[in-house]
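Okay, input-v3.tsv is below, TSV, C-alpha atoms:
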```
chain	number	residue	atom	x	y	z
A	15	MET	CA	-44.89	18.26	32.91
A	16	MET	CA	-41.43	17.43	34.08
A	17	GLY	CA	-39.30	16.08	31.11
A	18	VAL	CA	-39.72	12.54	29.77
A	19	ASP	CA	-39.92	9.33	31.71
A	20	ARG	CA	-37.67	6.32	31.12
A	21	ARG	CA	-40.13	4.57	28.81
A	22	GLN	CA	-40.55	7.64	26.59
A	23	PHE	CA	-36.81	8.27	26.51
A	24	LEU	CA	-36.14	4.72	25.27
A	25	LYS	CA	-38.80	5.07	22.57
A	26	ILE	CA	-37.37	8.35	21.31
A	27	ALA	CA	-33.82	7.01	21.42
A	28	GLY	CA	-34.84	3.89	19.48
A	29	VAL	CA	-36.68	5.79	16.77
A	30	THR	CA	-33.83	8.28	16.43
A	31	ALA	CA	-31.26	5.48	16.08
A	32	LEU	CA	-33.36	3.77	13.40
A	33	ALA	CA	-33.77	7.02	11.48
A	34	GLY	CA	-30.04	7.58	11.72
A	35	LEU	CA	-29.22	4.14	10.32
A	36	GLY	CA	-31.78	4.54	7.53
A	37	GLY	CA	-30.40	7.95	6.69
A	38	LYS	CA	-26.85	6.65	6.39
A	39	ALA	CA	-27.95	3.73	4.23
A	40	ALA	CA	-29.84	6.10	1.92
A	41	VAL	CA	-26.76	8.26	1.50
A	42	ASP	CA	-24.69	5.17	0.71
A	43	ILE	CA	-27.11	4.03	-1.98
A	44	LEU	CA	-27.36	7.47	-3.57
A	45	ALA	CA	-23.62	8.02	-3.62
A	46	PRO	CA	-21.89	4.67	-3.85
A	47	GLY	CA	-18.66	6.34	-4.94
A	48	ASP	CA	-18.27	7.95	-1.54
A	49	VAL	CA	-18.39	4.61	0.21
A	50	GLU	CA	-15.64	3.27	-2.00
A	51	ALA	CA	-13.66	6.46	-1.56
A	52	SER	CA	-13.62	5.94	2.17
A	53	MET	CA	-12.11	2.47	1.67
A	54	LYS	CA	-9.13	3.71	-0.32
A	55	ALA	CA	-5.96	1.68	0.08
A	56	LEU	CA	-2.31	2.62	-0.44
A	57	PRO	CA	-1.70	5.68	-2.61
A	58	LEU	CA	-0.03	4.74	-5.90
A	59	THR	CA	0.24	7.90	-7.91
A	60	GLU	CA	-1.22	10.53	-5.62
A	61	GLY	CA	-4.92	10.76	-6.39
A	62	LYS	CA	-4.83	11.08	-10.13
A	63	ARG	CA	-7.70	10.12	-12.39
A	64	TRP	CA	-6.70	9.15	-15.89
A	65	ALA	CA	-9.28	9.79	-18.57
A	66	MET	CA	-9.63	9.99	-22.31
A	67	VAL	CA	-11.60	12.30	-24.53
A	68	ILE	CA	-12.49	11.00	-27.99
A	69	ASN	CA	-13.27	13.60	-30.61
A	70	MET	CA	-16.03	11.81	-32.50
A	71	PRO	CA	-16.40	14.17	-35.49
A	72	GLU	CA	-12.67	13.82	-36.22
A	73	LEU	CA	-12.64	10.02	-36.10
A	74	ASN	CA	-12.31	8.22	-39.40
A	75	ASP	CA	-11.57	4.67	-40.42
A	76	GLU	CA	-7.91	5.33	-41.06
A	77	ILE	CA	-7.28	6.74	-37.60
A	78	MET	CA	-9.37	4.10	-35.88
A	79	ASN	CA	-7.67	1.21	-37.67
A	80	LYS	CA	-4.23	2.60	-36.89
A	81	CYS	CA	-5.15	2.99	-33.22
A	82	ILE	CA	-6.50	-0.54	-32.99
A	83	ALA	CA	-3.46	-1.98	-34.76
A	84	ALA	CA	-1.08	-0.05	-32.49
A	85	CYS	CA	-2.88	-1.25	-29.37
A	86	HIS	CA	-3.15	-4.87	-30.40
A	87	GLU	CA	0.47	-5.02	-31.57
A	88	GLU	CA	1.72	-3.44	-28.36
A	89	HIS	CA	-0.18	-5.92	-26.20
A	90	ASN	CA	0.08	-9.09	-28.26
A	91	VAL	CA	-3.62	-9.33	-28.94
A	92	PRO	CA	-4.11	-11.94	-31.68
A	93	GLU	CA	-6.70	-11.94	-34.43
A	94	PHE	CA	-8.85	-15.06	-34.39
A	95	GLY	CA	-11.14	-14.16	-37.26
A	96	ASP	CA	-14.14	-15.47	-35.35
A	97	PRO	CA	-16.33	-13.04	-33.40
A	98	LYS	CA	-17.27	-15.81	-30.98
A	99	VAL	CA	-13.75	-16.10	-29.63
A	100	GLU	CA	-12.35	-12.68	-30.53
A	101	VAL	CA	-10.19	-10.76	-28.08
A	102	LYS	CA	-10.47	-6.99	-28.24
A	103	TRP	CA	-8.97	-4.17	-26.24
A	104	LEU	CA	-9.92	-1.36	-28.59
A	105	TRP	CA	-12.56	-1.75	-31.24
A	106	LYS	CA	-15.00	-0.02	-33.55
A	107	GLU	CA	-18.73	0.12	-33.06
A	108	ASP	CA	-21.48	2.28	-34.56
A	109	TYR	CA	-23.12	5.14	-32.73
A	110	HIS	CA	-26.42	3.33	-32.25
A	111	HIS	CA	-24.83	0.37	-30.51
A	112	SER	CA	-22.38	2.47	-28.56
A	113	PHE	CA	-25.04	4.77	-27.15
A	114	PRO	CA	-28.19	2.62	-27.03
A	115	ASP	CA	-29.86	5.05	-24.62
A	116	HIS	CA	-29.30	7.97	-27.00
A	117	HIS	CA	-31.44	6.44	-29.67
A	118	ASN	CA	-33.51	8.96	-31.56
A	119	GLU	CA	-35.79	8.12	-34.42
A	120	TYR	CA	-34.55	10.84	-36.75
A	121	ILE	CA	-30.92	11.18	-35.84
A	122	ASP	CA	-28.41	13.56	-37.39
A	123	GLU	CA	-27.14	11.85	-40.56
A	124	LYS	CA	-23.59	12.54	-39.49
A	125	TYR	CA	-24.05	10.10	-36.64
A	126	GLU	CA	-26.49	7.65	-38.07
A	127	HIS	CA	-23.86	5.27	-39.40
A	128	LYS	CA	-20.92	6.77	-37.60
A	129	PHE	CA	-18.40	4.32	-36.20
A	130	LEU	CA	-16.37	5.21	-33.15
A	131	LEU	CA	-13.71	3.73	-30.90
A	132	LEU	CA	-14.64	1.81	-27.79
A	133	ALA	CA	-12.45	0.45	-25.03
A	134	CYS	CA	-12.57	-0.14	-21.30
A	135	ASN	CA	-14.07	2.99	-19.74
A	136	HIS	CA	-11.97	2.73	-16.57
A	137	CYS	CA	-15.11	3.56	-14.62
A	138	SER	CA	-14.89	5.44	-11.36
A	139	ASN	CA	-17.38	2.95	-9.98
A	140	PRO	CA	-16.38	-0.26	-11.77
A	141	PRO	CA	-18.85	-3.14	-11.44
A	142	CYS	CA	-16.22	-5.61	-12.71
A	143	CYS	CA	-14.02	-4.99	-9.67
A	144	ARG	CA	-16.92	-5.51	-7.29
A	145	VAL	CA	-17.65	-8.97	-8.59
A	146	CYS	CA	-14.12	-10.31	-9.06
A	147	PRO	CA	-13.71	-13.08	-6.47
A	148	THR	CA	-9.90	-13.02	-6.53
A	149	GLN	CA	-9.27	-9.27	-6.89
A	150	ALA	CA	-7.58	-10.02	-10.17
A	151	THR	CA	-9.13	-6.81	-11.41
A	152	TRP	CA	-9.15	-3.72	-9.24
A	153	LYS	CA	-9.26	0.05	-9.34
A	154	ARG	CA	-5.85	1.63	-9.02
A	155	GLU	CA	-5.35	4.90	-7.18
A	156	ASP	CA	-4.73	6.68	-10.46
A	157	GLY	CA	-8.09	5.52	-11.81
A	158	ILE	CA	-6.92	2.67	-14.01
A	159	VAL	CA	-9.03	-0.46	-13.79
A	160	MET	CA	-6.11	-2.85	-13.75
A	161	MET	CA	-5.85	-6.56	-14.47
A	162	ASP	CA	-3.56	-9.05	-12.76
A	163	TRP	CA	-3.54	-11.97	-15.15
A	164	HIS	CA	-1.59	-14.07	-12.67
A	165	ARG	CA	-4.62	-14.05	-10.41
A	166	CYS	CA	-7.47	-14.37	-12.90
A	167	ILE	CA	-9.22	-17.71	-12.54
A	168	GLY	CA	-11.40	-17.19	-15.61
A	169	CYS	CA	-14.78	-17.19	-13.85
A	170	ARG	CA	-15.97	-14.39	-16.19
A	171	PHE	CA	-18.06	-12.64	-13.51
A	172	CYS	CA	-16.40	-9.40	-14.64
A	173	MET	CA	-17.54	-9.99	-18.21
A	174	ALA	CA	-21.09	-10.40	-17.00
A	175	ALA	CA	-20.80	-7.31	-14.82
A	176	CYS	CA	-19.28	-4.98	-17.42
A	177	PRO	CA	-22.10	-3.12	-19.22
A	178	TYR	CA	-19.78	-2.13	-22.07
A	179	GLY	CA	-18.51	-5.49	-23.29
A	180	SER	CA	-14.97	-4.31	-22.66
A	181	ARG	CA	-13.66	-7.65	-21.52
A	182	SER	CA	-12.62	-10.63	-23.57
A	183	PHE	CA	-12.06	-14.22	-22.56
A	184	ASN	CA	-9.27	-16.39	-23.91
A	185	TRP	CA	-11.11	-19.47	-25.05
A	186	GLY	CA	-7.84	-20.92	-26.25
A	187	ASP	CA	-4.13	-20.28	-26.07
A	188	PRO	CA	-3.50	-16.96	-27.86
A	189	ARG	CA	-0.25	-18.38	-29.23
A	190	LYS	CA	-2.29	-20.96	-31.12
A	191	ALA	CA	-4.21	-18.24	-32.97
A	192	PRO	CA	-4.26	-18.86	-36.74
A	193	LYS	CA	-0.77	-18.17	-38.11
A	194	ASP	CA	-2.03	-16.81	-41.43
A	195	LYS	CA	-3.82	-13.99	-39.60
A	196	ASN	CA	-0.99	-13.41	-37.12
A	197	PRO	CA	2.28	-13.95	-39.01
A	198	ASP	CA	4.42	-12.02	-36.50
A	199	PHE	CA	2.73	-13.08	-33.28
A	200	PRO	CA	3.81	-12.27	-30.58
A	201	THR	CA	4.30	-8.79	-31.96
A	202	ASN	CA	5.85	-7.21	-28.85
A	203	ILE	CA	8.50	-9.37	-27.19
A	204	ASN	CA	8.63	-7.04	-24.18
A	205	TYR	CA	5.01	-7.71	-23.27
A	206	PRO	CA	3.53	-11.05	-22.24
A	207	THR	CA	0.76	-12.89	-24.00
A	208	ARG	CA	-2.07	-14.33	-21.96
A	209	SER	CA	-2.91	-17.97	-21.35
A	210	LYS	CA	-6.04	-19.97	-21.95
A	211	GLY	CA	-8.84	-19.23	-19.48
A	212	VAL	CA	-7.89	-15.66	-18.62
A	213	VAL	CA	-9.92	-12.48	-19.10
A	214	GLU	CA	-8.19	-9.47	-20.61
A	215	LYS	CA	-8.94	-5.87	-21.51
A	216	CYS	CA	-7.49	-2.41	-22.03
A	217	THR	CA	-5.31	-1.24	-19.13
A	218	PHE	CA	-4.89	2.36	-20.39
A	219	CYS	CA	-1.35	1.23	-21.26
A	220	ASP	CA	-0.21	1.10	-17.64
A	221	GLU	CA	3.22	-0.09	-18.81
A	222	ARG	CA	3.62	3.00	-20.98
A	223	ILE	CA	2.19	5.47	-18.45
A	224	SER	CA	4.68	4.23	-15.85
A	225	LYS	CA	7.43	5.26	-18.25
A	226	GLY	CA	5.80	8.63	-18.93
A	227	GLN	CA	4.55	7.70	-22.39
A	228	LEU	CA	1.09	8.23	-23.80
A	229	PRO	CA	-1.10	5.17	-24.43
A	230	ALA	CA	-0.35	3.43	-27.71
A	231	CYS	CA	-3.68	4.37	-29.32
A	232	VAL	CA	-3.24	8.06	-28.47
A	233	GLU	CA	0.28	8.05	-29.86
A	234	ALA	CA	-0.91	6.35	-33.06
A	235	ALA	CA	-3.74	8.86	-33.48
A	236	ASN	CA	-1.43	11.81	-32.82
A	237	LYS	CA	0.81	10.69	-35.68
A	238	LEU	CA	-2.09	11.14	-38.09
A	239	LYS	CA	-3.95	14.03	-36.48
A	240	LYS	CA	-3.63	15.91	-33.21
A	241	ASN	CA	-6.44	16.12	-30.65
A	242	VAL	CA	-8.51	13.22	-31.88
A	243	LEU	CA	-7.73	11.13	-28.82
A	244	ILE	CA	-6.83	13.19	-25.79
A	245	PHE	CA	-5.43	11.54	-22.69
A	246	GLY	CA	-4.89	13.25	-19.37
A	247	ASP	CA	-5.64	13.63	-15.71
A	248	LEU	CA	-9.21	14.55	-14.80
A	249	ALA	CA	-8.24	15.36	-11.22
A	250	ASP	CA	-6.16	18.32	-12.38
A	251	PRO	CA	-8.44	21.28	-13.25
A	252	ASP	CA	-5.88	22.67	-15.71
A	253	SER	CA	-5.15	19.42	-17.50
A	254	ASN	CA	-5.63	19.02	-21.25
A	255	VAL	CA	-8.67	16.82	-20.81
A	256	ARG	CA	-10.37	19.21	-18.41
A	257	GLN	CA	-9.80	22.11	-20.80
A	258	VAL	CA	-11.27	20.14	-23.68
A	259	LEU	CA	-14.23	19.08	-21.55
A	260	ARG	CA	-14.93	22.70	-20.57
A	261	LYS	CA	-15.13	23.80	-24.18
A	262	ASN	CA	-16.99	20.90	-25.78
A	263	TYR	CA	-20.23	19.07	-25.18
A	264	THR	CA	-19.40	15.46	-24.38
A	265	ILE	CA	-21.35	12.30	-23.69
A	266	ARG	CA	-20.44	9.05	-21.99
A	267	ARG	CA	-21.70	5.53	-22.53
A	268	LYS	CA	-24.71	4.40	-20.47
A	269	PRO	CA	-24.40	7.09	-17.78
A	270	ALA	CA	-27.67	6.04	-16.16
A	271	LEU	CA	-25.98	2.93	-14.78
A	272	GLY	CA	-23.88	5.06	-12.46
A	273	THR	CA	-20.56	3.46	-13.36
A	274	GLU	CA	-19.05	6.90	-14.11
A	275	PRO	CA	-17.05	6.08	-17.25
A	276	ASN	CA	-13.80	7.98	-17.79
A	277	ILE	CA	-13.93	7.96	-21.57
A	278	PHE	CA	-15.75	11.02	-22.92
A	279	TYR	CA	-17.01	11.47	-26.47
A	280	ILE	CA	-17.21	14.92	-28.06
A	281	VAL	CA	-20.41	15.06	-30.08
B	8	MET	CA	0.19	-75.54	-3.07
B	9	TYR	CA	-1.34	-76.25	-6.44
B	10	ASP	CA	0.69	-75.07	-9.43
B	11	GLY	CA	3.33	-73.75	-6.99
B	12	GLY	CA	6.04	-73.60	-9.62
B	13	LYS	CA	3.98	-71.45	-11.97
B	14	ILE	CA	3.00	-69.07	-9.17
B	15	ILE	CA	6.58	-68.64	-7.98
B	16	ILE	CA	7.83	-68.08	-11.52
B	17	GLY	CA	5.01	-65.60	-12.05
B	18	LEU	CA	5.90	-63.79	-8.84
B	19	ILE	CA	9.56	-63.59	-9.80
B	20	ILE	CA	8.70	-62.21	-13.22
B	21	GLY	CA	6.24	-59.79	-11.69
B	22	ILE	CA	8.61	-58.48	-9.03
B	23	GLY	CA	11.39	-58.31	-11.59
B	24	PHE	CA	9.16	-56.28	-13.89
B	25	PHE	CA	8.18	-53.77	-11.20
B	26	THR	CA	11.73	-53.31	-9.94
B	27	SER	CA	13.28	-53.21	-13.41
B	28	PRO	CA	13.65	-49.37	-13.40
B	29	PHE	CA	15.93	-49.67	-10.37
B	30	PHE	CA	18.15	-52.27	-12.05
B	31	PHE	CA	18.01	-50.44	-15.33
B	32	ASN	CA	19.18	-47.14	-13.82
B	33	ALA	CA	21.51	-48.60	-11.17
B	34	GLY	CA	24.85	-46.84	-11.02
B	35	LYS	CA	23.77	-44.16	-13.46
B	36	ALA	CA	22.90	-41.30	-11.10
B	37	ALA	CA	21.90	-38.28	-13.14
B	38	ARG	CA	24.53	-35.61	-12.70
B	39	ARG	CA	23.38	-32.39	-11.12
B	40	PRO	CA	23.24	-29.85	-13.90
B	41	GLU	CA	25.26	-26.68	-13.59
B	42	PRO	CA	23.57	-23.56	-14.95
B	43	GLU	CA	25.59	-22.00	-17.73
B	44	LEU	CA	26.19	-18.29	-17.84
B	45	THR	CA	26.12	-16.30	-21.03
B	46	GLN	CA	29.01	-13.97	-21.76
B	47	LYS	CA	26.77	-11.03	-20.88
B	48	ALA	CA	25.95	-12.54	-17.50
B	49	LYS	CA	29.62	-13.31	-16.83
B	50	ASP	CA	30.62	-9.75	-17.70
B	51	ALA	CA	27.99	-8.32	-15.38
B	52	LYS	CA	29.67	-10.25	-12.51
B	53	GLU	CA	26.72	-9.75	-10.15
B	54	CYS	CA	23.02	-10.43	-10.34
B	55	VAL	CA	20.34	-8.24	-8.75
B	56	LEU	CA	21.04	-9.97	-5.42
B	57	GLU	CA	23.79	-12.29	-4.15
B	58	THR	CA	24.34	-15.39	-6.26
B	59	SER	CA	23.68	-17.71	-3.31
B	60	TYR	CA	20.30	-16.08	-2.72
B	61	MET	CA	19.44	-16.16	-6.39
B	62	LYS	CA	20.35	-19.86	-6.55
B	63	SER	CA	18.12	-20.86	-3.67
B	64	SER	CA	15.37	-18.26	-3.70
B	65	HIS	CA	15.04	-16.65	-7.13
B	66	MET	CA	11.42	-17.80	-7.18
B	67	LYS	CA	10.69	-15.75	-4.08
B	68	LEU	CA	12.20	-12.67	-5.65
B	69	LEU	CA	10.25	-13.21	-8.87
B	70	ASP	CA	7.04	-13.63	-6.89
B	71	GLU	CA	7.74	-10.41	-4.99
B	72	TRP	CA	8.54	-8.62	-8.23
B	73	ARG	CA	5.35	-9.67	-9.92
B	74	GLN	CA	3.31	-8.71	-6.87
B	75	THR	CA	4.84	-5.26	-6.43
B	76	PHE	CA	5.08	-4.56	-10.17
B	77	VAL	CA	1.53	-5.44	-11.11
B	78	ARG	CA	-0.38	-4.59	-7.97
B	79	ASP	CA	1.57	-1.73	-6.40
B	80	ASP	CA	2.95	-0.18	-9.59
B	81	GLU	CA	6.51	-0.28	-8.20
B	82	ARG	CA	8.34	-1.03	-11.39
B	83	TYR	CA	11.99	-0.58	-10.49
B	84	PHE	CA	14.28	-2.54	-8.21
B	85	THR	CA	17.35	-0.96	-6.64
B	86	ALA	CA	20.17	-3.40	-6.04
B	87	LYS	CA	22.65	-3.02	-3.17
B	88	SER	CA	25.14	-1.60	-5.62
B	89	GLY	CA	22.67	1.19	-6.34
B	90	LYS	CA	22.00	-0.07	-9.82
B	91	VAL	CA	18.32	0.20	-10.80
B	92	TYR	CA	16.64	-2.64	-12.66
B	93	TYR	CA	13.27	-2.74	-14.41
B	94	LYS	CA	11.42	-5.58	-12.70
B	95	SER	CA	10.83	-7.89	-15.61
B	96	LEU	CA	11.47	-11.57	-16.04
B	97	GLN	CA	11.10	-11.25	-19.78
B	98	SER	CA	13.02	-8.04	-20.42
B	99	THR	CA	15.55	-7.92	-17.57
B	100	CYS	CA	16.36	-11.43	-16.28
B	101	LEU	CA	16.24	-13.11	-19.65
B	102	ASP	CA	18.13	-10.27	-21.27
B	103	CYS	CA	21.30	-11.40	-19.47
B	104	HIS	CA	20.34	-15.05	-19.11
B	105	SER	CA	19.24	-15.41	-22.68
B	106	ASN	CA	20.23	-19.10	-22.70
B	107	LYS	CA	16.99	-20.27	-21.11
B	108	SER	CA	17.46	-23.95	-21.94
B	109	LYS	CA	20.87	-24.12	-20.25
B	110	PHE	CA	20.24	-21.60	-17.50
B	111	CYS	CA	16.66	-22.34	-16.45
B	112	ASP	CA	15.28	-25.47	-18.01
B	113	GLN	CA	17.92	-28.10	-17.26
B	114	CYS	CA	17.80	-27.41	-13.52
B	115	HIS	CA	14.02	-27.21	-13.48
B	116	ASP	CA	13.85	-30.51	-15.35
B	117	TYR	CA	16.29	-32.10	-12.92
B	118	MET	CA	14.19	-30.93	-9.98
B	119	GLY	CA	10.94	-31.92	-11.64
B	120	GLU	CA	9.77	-28.31	-11.62
B	121	SER	CA	7.58	-26.97	-14.39
B	122	PRO	CA	6.99	-23.25	-13.79
B	123	TYR	CA	4.17	-21.89	-15.92
B	124	CYS	CA	5.80	-18.48	-16.46
B	125	TRP	CA	6.36	-19.25	-20.12
B	126	GLU	CA	2.73	-19.82	-20.92
B	127	CYS	CA	2.47	-16.02	-21.04
B	128	HIS	CA	5.95	-14.54	-20.78
B	129	ILE	CA	7.87	-14.80	-23.98
B	130	GLU	CA	11.12	-16.70	-23.88
B	131	PRO	CA	14.10	-15.37	-25.82
B	132	LYS	CA	15.01	-16.94	-29.14
B	133	GLU	CA	18.16	-18.92	-28.53
B	134	SER	CA	20.89	-19.15	-31.10
B	135	LYS	CA	21.93	-22.78	-31.20
```
Starting from the coordinates I provided, produce the structure as C-alpha cells.
Amino acid sequence: MMGVDRRQFLKIAGVTALAGLGGKAAVDILAPGDVEASMKALPLTEGKRWAMVINMPELNDEIMNKCIAACHEEHNVPEFGDPKVEVKWLWKEDYHHSFPDHHNEYIDEKYEHKFLLLACNHCSNPPCCRVCPTQATWKREDGIVMMDWHRCIGCRFCMAACPYGSRSFNWGDPRKAPKDKNPDFPTNINYPTRSKGVVEKCTFCDERISKGQLPACVEAANKLKKNVLIFGDLADPDSNVRQVLRKNYTIRRKPALGTEPNIFYIV
Amino acid sequence: MYDGGKIIIGLIIGIGFFTSPFFFNAGKAARRPEPELTQKAKDAKECVLETSYMKSSHMKLLDEWRQTFVRDDERYFTAKSGKVYYKSLQSTCLDCHSNKSKFCDQCHDYMGESPYCWECHIEPKESK
C-alpha cells in the first residue's frame, strides 16, 4: 500500500493534535507551579525564595509571646480582645489544629498539647493571589506574598482562599481599638496602620528585609535563644535554612493542598 | 393674580434666603494660604524635586513613590543632586515638613481636597 490518503492523514493529524492538547493540559494540572513560573514578571531580587524554619521542640511560651509582641508592635497591629474581630500576623495554635492532617490517635505527649507559631506561609503557589480581583496581594520575585493595602477593596476572597487562616480583616478602624488594651498605639510611627475594610497579614517584614535586617519575630527569638526561628533563602543550596532542612526532619502545614508553604516546622 | 402681594413677598424672601451666602460673603474672598516651611525645611533649601514641580504635582510623585515602593520594591529615590531619599511620606516628607497643619492641611482645605493618606499613615505630632 502506498502511504496514507488525504482522509486518513486528516484523521491522524486530528487525533495527534487532540492528544497533544490533552497532554499539555495534564502537565499543567499536575505541576501548576510551572505554569506560574513561565508567567514571571520583572525580577525584583534575582530569584530568591525567602523561607522560615521553626524549631518546634525549642519553642516555648516566652519565646512565642516575645515574637508575637515584636511583630505586632513593629506593624501597628492592635489588640481588640475579641476573637471575632481580631487581627493577627503571628499567632499561637496547638499542634492538632495546626496540622489537622497529621492527627494520630495516640500522639507523642510532647506534641499533644504543644503550641506553636503560625503566620502567613508565603506559599510558592498562593491561592490568595489567584483570587484577588485587584492584585492587591501578589507573589514577589523573592517569594514574599506581598500586600498592597492601597489597592485592597476588602472583598475577602483571599481570606476564603487561604487554607491557613493567615489573613485578617479590619472590621473597624484599627486606631479606634480599645485604648486600655493598646495604650501606646500606634506603636511604630515609621509604619502605617491600616484602615477599615482592608485585609492584612504577615509580609515577612519586607520593610526590614529591604534594609538587610531579619524579620522582627526572628530577631526577637534570637535575643532569647538562637536557632529557634531561622530565616533564609531556600533558593541558595548553602543557605542557613537549607542546611537546617538537610539535617532535620521537617513538616509543613496541609501539604496535600499543593500550596507549597515556605514555613517549615522541625518535629 | 390672587394674593399677589403675598406671593411676591414670599418670592423676595425666598430668593433672598437662597442668595444670602453670596451677600454674606461678599467682599470677603478667602486669602490663598501660603504653606509654611519649618526651620528644617528652610535649612535643606531644596526638596526632592524642584519647588515648582512639588507645588503643582507632589501628588503625582507620591503616587509614583507608593507604586514603585510597594509593588516594585524600589525603596530609594535619587534626587538630581545625587542625594538619596527613602521613599516615605511618613518618615521622609513629614520629617522635614513636620508642620502638617500649616504645610499640608490649610492648602488642601482651601482647595477642597481631602486626601485619605492619613487614615493609615501616621501624621507627626505637632508642637503648638
Q) Please, which residues of chain B lie no more than 8 Å from chain A when the count uses all atoms listed in the file, and can they be set out as an MDAnalysis selection string? A) chainID B and resid 77:80 82 97:98 126:129
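Between CA of Tyr93 (chain B) and CA of Glu133 (chain B) the separation is 22.0 Å.
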Q. Could you state the separation of CA of Phe183 (chain A) and CA of His127 (chain A) in Å, given to one decimal place?
A.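 Between CA of Phe183 (chain A) and CA of His127 (chain A) the gap works out to 28.3 Å.
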Q: Rounded to one decimal place, report the CA of Cys143 (chain A)-CA of Asn69 (chain A) distance in Å.
A: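 Taking CA of Cys143 (chain A) and CA of Asn69 (chain A), their separation equals 28.0 Å.
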Q: Within 12 Å of (-3.0, -4.4, -34.6) (coordinates as in the file), grab all the protein and nucleic acid residues, counting all atoms listed in the file, and write them out as a ChimeraX atom specification.
A: /A:78-93,101-105,195-202,230-231,234
Q.
Given the point (25.0, -34.3, -12.9) in the coordinates of this file, which residues lie within 12 Å, counting only C-alpha atoms, and how would they look as a PyMOL selection string?
A. chain B and resi 35-42+113-114+117-118
Q: Mind checking which residues fall within 9 Å of region 67-72 of chain B, counting only C-alpha atoms, ignoring those fewer than 3 positions away in the same chain, and posting them as a ChimeraX atom specification?
A: /B:61,64,75-77,81-82,84,94-96
(Q) I'd like the contact shell of region 257-264 of chain A - 8 Å cut-off, all atoms listed in the file, skipping same-chain residues fewer than 4 positions apart - returned as a count of residues only. (A) 8
Q: Pick out the residues sitting within 8 Å of region 106-118 of chain A, and hand them over as a PyMOL selection string; count only C-alpha atoms, and ignore anything fewer than 2 positions along from it in its own chain.
A: chain A and resi 78+104+120-121+125-132+267-268
Some atoms are missing, so please complete region 108-124 of chain B with N, CA and C atoms and return it as a PDB file, in the frame of the given file.
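Result saved to rebuild19.pdb:
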```
ATOM      1  N   SER B 108      17.413 -22.494 -22.039  1.00  0.00           N
ATOM      2  CA  SER B 108      17.460 -23.950 -21.940  1.00  0.00           C
ATOM      3  C   SER B 108      18.595 -24.415 -21.034  1.00  0.00           C
ATOM      4  N   LYS B 109      19.736 -23.713 -21.081  1.00  0.00           N
ATOM      5  CA  LYS B 109      20.870 -24.120 -20.250  1.00  0.00           C
ATOM      6  C   LYS B 109      20.837 -23.480 -18.872  1.00  0.00           C
ATOM      7  N   PHE B 110      20.215 -22.300 -18.784  1.00  0.00           N
ATOM      8  CA  PHE B 110      20.240 -21.600 -17.500  1.00  0.00           C
ATOM      9  C   PHE B 110      19.036 -21.973 -16.635  1.00  0.00           C
ATOM     10  N   CYS B 111      17.869 -22.067 -17.236  1.00  0.00           N
ATOM     11  CA  CYS B 111      16.660 -22.340 -16.450  1.00  0.00           C
ATOM     12  C   CYS B 111      16.229 -23.799 -16.554  1.00  0.00           C
ATOM     13  N   ASP B 112      16.023 -24.231 -17.793  1.00  0.00           N
ATOM     14  CA  ASP B 112      15.280 -25.470 -18.010  1.00  0.00           C
ATOM     15  C   ASP B 112      15.976 -26.706 -17.458  1.00  0.00           C
ATOM     16  N   GLN B 113      17.299 -26.824 -17.641  1.00  0.00           N
ATOM     17  CA  GLN B 113      17.920 -28.100 -17.260  1.00  0.00           C
ATOM     18  C   GLN B 113      17.833 -28.336 -15.744  1.00  0.00           C
ATOM     19  N   CYS B 114      17.943 -27.258 -14.964  1.00  0.00           N
ATOM     20  CA  CYS B 114      17.800 -27.410 -13.520  1.00  0.00           C
ATOM     21  C   CYS B 114      16.344 -27.720 -13.145  1.00  0.00           C
ATOM     22  N   HIS B 115      15.439 -26.973 -13.774  1.00  0.00           N
ATOM     23  CA  HIS B 115      14.020 -27.210 -13.480  1.00  0.00           C
ATOM     24  C   HIS B 115      13.632 -28.640 -13.843  1.00  0.00           C
ATOM     25  N   ASP B 116      14.148 -29.128 -14.944  1.00  0.00           N
ATOM     26  CA  ASP B 116      13.850 -30.510 -15.350  1.00  0.00           C
ATOM     27  C   ASP B 116      14.403 -31.494 -14.324  1.00  0.00           C
ATOM     28  N   TYR B 117      15.625 -31.231 -13.896  1.00  0.00           N
ATOM     29  CA  TYR B 117      16.290 -32.100 -12.920  1.00  0.00           C
ATOM     30  C   TYR B 117      15.489 -32.165 -11.625  1.00  0.00           C
ATOM     31  N   MET B 118      14.948 -31.010 -11.222  1.00  0.00           N
ATOM     32  CA  MET B 118      14.190 -30.930  -9.980  1.00  0.00           C
ATOM     33  C   MET B 118      12.727 -31.319 -10.168  1.00  0.00           C
ATOM     34  N   GLY B 119      12.339 -31.599 -11.379  1.00  0.00           N
ATOM     35  CA  GLY B 119      10.940 -31.920 -11.640  1.00  0.00           C
ATOM     36  C   GLY B 119      10.028 -30.720 -11.484  1.00  0.00           C
ATOM     37  N   GLU B 120      10.571 -29.528 -11.725  1.00  0.00           N
ATOM     38  CA  GLU B 120       9.770 -28.310 -11.620  1.00  0.00           C
ATOM     39  C   GLU B 120       9.293 -27.903 -13.015  1.00  0.00           C
ATOM     40  N   SER B 121       8.039 -27.485 -13.108  1.00  0.00           N
ATOM     41  CA  SER B 121       7.580 -26.970 -14.390  1.00  0.00           C
ATOM     42  C   SER B 121       6.860 -25.635 -14.190  1.00  0.00           C
ATOM     43  N   PRO B 122       7.627 -24.551 -14.002  1.00  0.00           N
ATOM     44  CA  PRO B 122       6.990 -23.250 -13.790  1.00  0.00           C
ATOM     45  C   PRO B 122       6.198 -22.841 -15.036  1.00  0.00           C
ATOM     46  N   TYR B 123       5.033 -22.230 -14.783  1.00  0.00           N
ATOM     47  CA  TYR B 123       4.170 -21.890 -15.920  1.00  0.00           C
ATOM     48  C   TYR B 123       4.372 -20.460 -16.401  1.00  0.00           C
ATOM     49  N   CYS B 124       5.500 -19.864 -16.021  1.00  0.00           N
ATOM     50  CA  CYS B 124       5.800 -18.480 -16.460  1.00  0.00           C
ATOM     51  C   CYS B 124       5.689 -18.344 -17.964  1.00  0.00           C
TER      52      CYS B 124
END
```
